[in-house]
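The structure under discussion appears below in the form of structure tokens.
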Amino acid sequence: MSIDTASILRVLAHELRSPAGVAQGYLKMILDGRLRPDEQRHGMEHARDALTRIAALSREASNIASWLERPPAPEMFWRPLPAAPLLRAVVARFRPDEVDLAIDVDDALSVRTCDEAALATALAALIGATTRESPRAKLTVAALPSRRSRGTLDILVAPSEYLPLLAEGPDTVGAGTVTLERGGLGLSLVMALLVLDTHHASAWALHAHRATLGIRLPLEVGAHA
């Protein structure tokens with residue numbers, strides 16, 4: 001799994017387009033005298049909010065640049081991280097009516113990480129983006145040993161009826177890459193996939209069902225499901 005520069009720039013352009021247009025539009029109306037005095041404050045507030053969003057995107061882009069520039073973590077910085085407690089903490093960020101958690105692994109089973117906070121944030125961002133695709137139906141977050149790749153853990157997010165197909169992995173018919181261009185999410189998905197790439201993980205989704213997500217993480221060497 002990799003994200004090229006063109007993909008990052010496309011997402012950034014997609015996210016900048018709306019707030020830039022809002023700020024430009026309101027400022028032009030004010031400068032052209034098309035807003036009454038009592039409307040100008042309202043217009044300025046909208047322009048301010050749009051510029052605040054642009055500043056946030058700038059910070060996200062800077063964080064991505066820093067992540068890309070950081071050297072590979074030495075082996076001594078990698079450590080085991082119990083998968084079940086990690087997922088419970090991530091899922092706790094969501095409302096009970098958004099997701100159910102189904103963990104089919106021992107609490108001692110561990111993945112490898114060099115940055116626990118970044119990994120948890122990445123998982124939360126991807127799960128959150130998936131729940132947005134299913135606003136009226138609760139999704140299941142399942143964790144189970146991979147059926148297709150020994151020594152890995154699959155984290156699956158989908159309506160329960162799609163979990164078996166999703167569990168077939170990224171090479172199954174109908175599976176493909178995770179869609180990055182989703183309005184309003186900024187560069188969070190770009191960063192999430194970069195973090196997963198650093199963790200030698202992969203991510204996929206079912207093209208016919210947007211509210212699906214699969215993540216495959218390597219297990220700690222010597223761990224057994």
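So you can find residues: chains in the structure tokens are A, B, ... in the order shown, residues in each start at 1, and ligands are numbered from 1 in order.
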Every residue of region 128-218 of chain A that DSSP places in alpha helix (DSSP H), as a PyMOL selection string: chain A and resi 128-132+163-166+188-198
Spatial neighbours of region 119-127 of chain A, 7 Å, only C-alpha atoms, chain gap at least 3 places, as a list in words: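 Here the qualifying residues turn out to be Val90, Asp115, Glu116, Thr130, Thr131, Val157, Ser188, Leu189, Ala192 and Val195 of chain A.
Closest to Leu144 (chain A) among A:Arg17, A:Arg34, A:Arg112, A:Arg216 is A:Arg216, based on only C-alpha atoms.
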Close residues, Leu81 (chain A) itself excluded, 7 Å, only C-alpha atoms, min 3 positions apart in chain, as a VMD selection string: chain A and resid 110 to 113
Between CA of Ala118 (chain A) and CA of Leu68 (chain A) - distance in Å to one decimal: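 The value is 13.5 Å.
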In chain A, DSSP strand (DSSP E or B) residues written as a PyMOL selection string: chain A and resi 79-82+99-103+110-113+139-145+152-158+175-176+202-206+209-219
Counting only C-alpha atoms, the option among A:Gly183, A:Ala117, A:His209, A:Gly128 closest to Tyr162 (chain A):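 Of the candidates, the smallest distance to Tyr162 (chain A) is held by A:His209.
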Atomic distance CA of Ser149 (chain A) - CA of Met76 (chain A), expressed in Å with one decimal: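 Spanning CA of Ser149 (chain A) to CA of Met76 (chain A) is a straight-line distance of 25.6 Å.
Distances from A:Ser7, A:Thr172, A:Ser62, A:Ser18 to Leu193 (chain A) were compared using only C-alpha atoms, and the smallest one belongs to A:Ser7.
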For Ala73 (chain A), the nearest of the candidates A:Cys114, A:Leu16, A:Ala208, A:Arg150, counting only C-alpha atoms: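 Ranked by minimum distance to Ala73 (chain A), first place goes to A:Cys114.
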Residue with smallest distance to Val190 (chain A) - pool A:Val99, A:Leu206, A:Leu153, A:Val178, counting only C-alpha atoms: A:Val178
Residues near region 87-89 of chain A, cut-off 8 Å, only C-alpha atoms, skip fewer than 4 positions along chain, as a PyMOL selection string: chain A and resi 83+93+101
Gap from CA of Glu69 (chain A) to CA of Gly214 (chain A) - Å, one decimal: 27.0 Å
Option closest in space to Gly169 (chain A), from A:Met44, A:Ala203, A:Ala143, A:Leu57 [counting only C-alpha atoms]: A:Ala203
Selection: 12 Å around Thr52 (chain A), only C-alpha atoms, excl. self and same-chain fewer than 4 positions, as a list in words: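 Neighbouring residues, sequence-local ones excluded: Leu16, Pro19, Ala20, Val22, Ala23, Glu45, His46, Ala47, Arg48, Ala56, Leu57, Ser58 and Arg59 of chain A.
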For N, CA and C atoms, I'd like the residues from the last selection saved as a tab-separated table (two decimals), in the first residue's frame.
```tsv
chain	number	residue	atom	x	y	z
A	16	LEU	N	-9.53	22.04	-0.40
A	16	LEU	CA	-9.35	23.50	-0.41
A	16	LEU	C	-10.41	24.21	-1.24
A	19	PRO	N	-13.76	25.76	0.87
A	19	PRO	CA	-13.55	26.94	1.72
A	19	PRO	C	-12.94	28.11	0.97
A	20	ALA	N	-12.08	27.84	0.00
A	20	ALA	CA	-11.50	28.94	-0.78
A	20	ALA	C	-12.58	29.66	-1.57
A	22	VAL	N	-15.79	29.80	-0.79
A	22	VAL	CA	-16.65	30.52	0.16
A	22	VAL	C	-16.02	31.86	0.55
A	23	ALA	N	-14.74	31.81	0.94
A	23	ALA	CA	-14.05	33.04	1.36
A	23	ALA	C	-13.99	34.05	0.21
A	45	GLU	N	-18.08	36.69	8.80
A	45	GLU	CA	-17.99	35.51	9.67
A	45	GLU	C	-17.84	34.23	8.83
A	46	HIS	N	-18.59	34.15	7.74
A	46	HIS	CA	-18.46	32.99	6.87
A	46	HIS	C	-17.07	32.94	6.24
A	47	ALA	N	-16.57	34.09	5.82
A	47	ALA	CA	-15.23	34.14	5.24
A	47	ALA	C	-14.18	33.74	6.26
A	48	ARG	N	-14.35	34.24	7.50
A	48	ARG	CA	-13.41	33.88	8.58
A	48	ARG	C	-13.40	32.37	8.81
A	56	ALA	N	-6.38	25.14	8.89
A	56	ALA	CA	-6.32	23.78	9.43
A	56	ALA	C	-5.78	22.80	8.40
A	57	LEU	N	-6.19	22.95	7.15
A	57	LEU	CA	-5.67	22.09	6.09
A	57	LEU	C	-4.18	22.29	5.90
A	58	SER	N	-3.73	23.54	6.06
A	58	SER	CA	-2.30	23.82	5.96
A	58	SER	C	-1.52	23.08	7.05
A	59	ARG	N	-2.07	23.08	8.27
A	59	ARG	CA	-1.41	22.36	9.37
A	59	ARG	C	-1.38	20.86	9.08
```
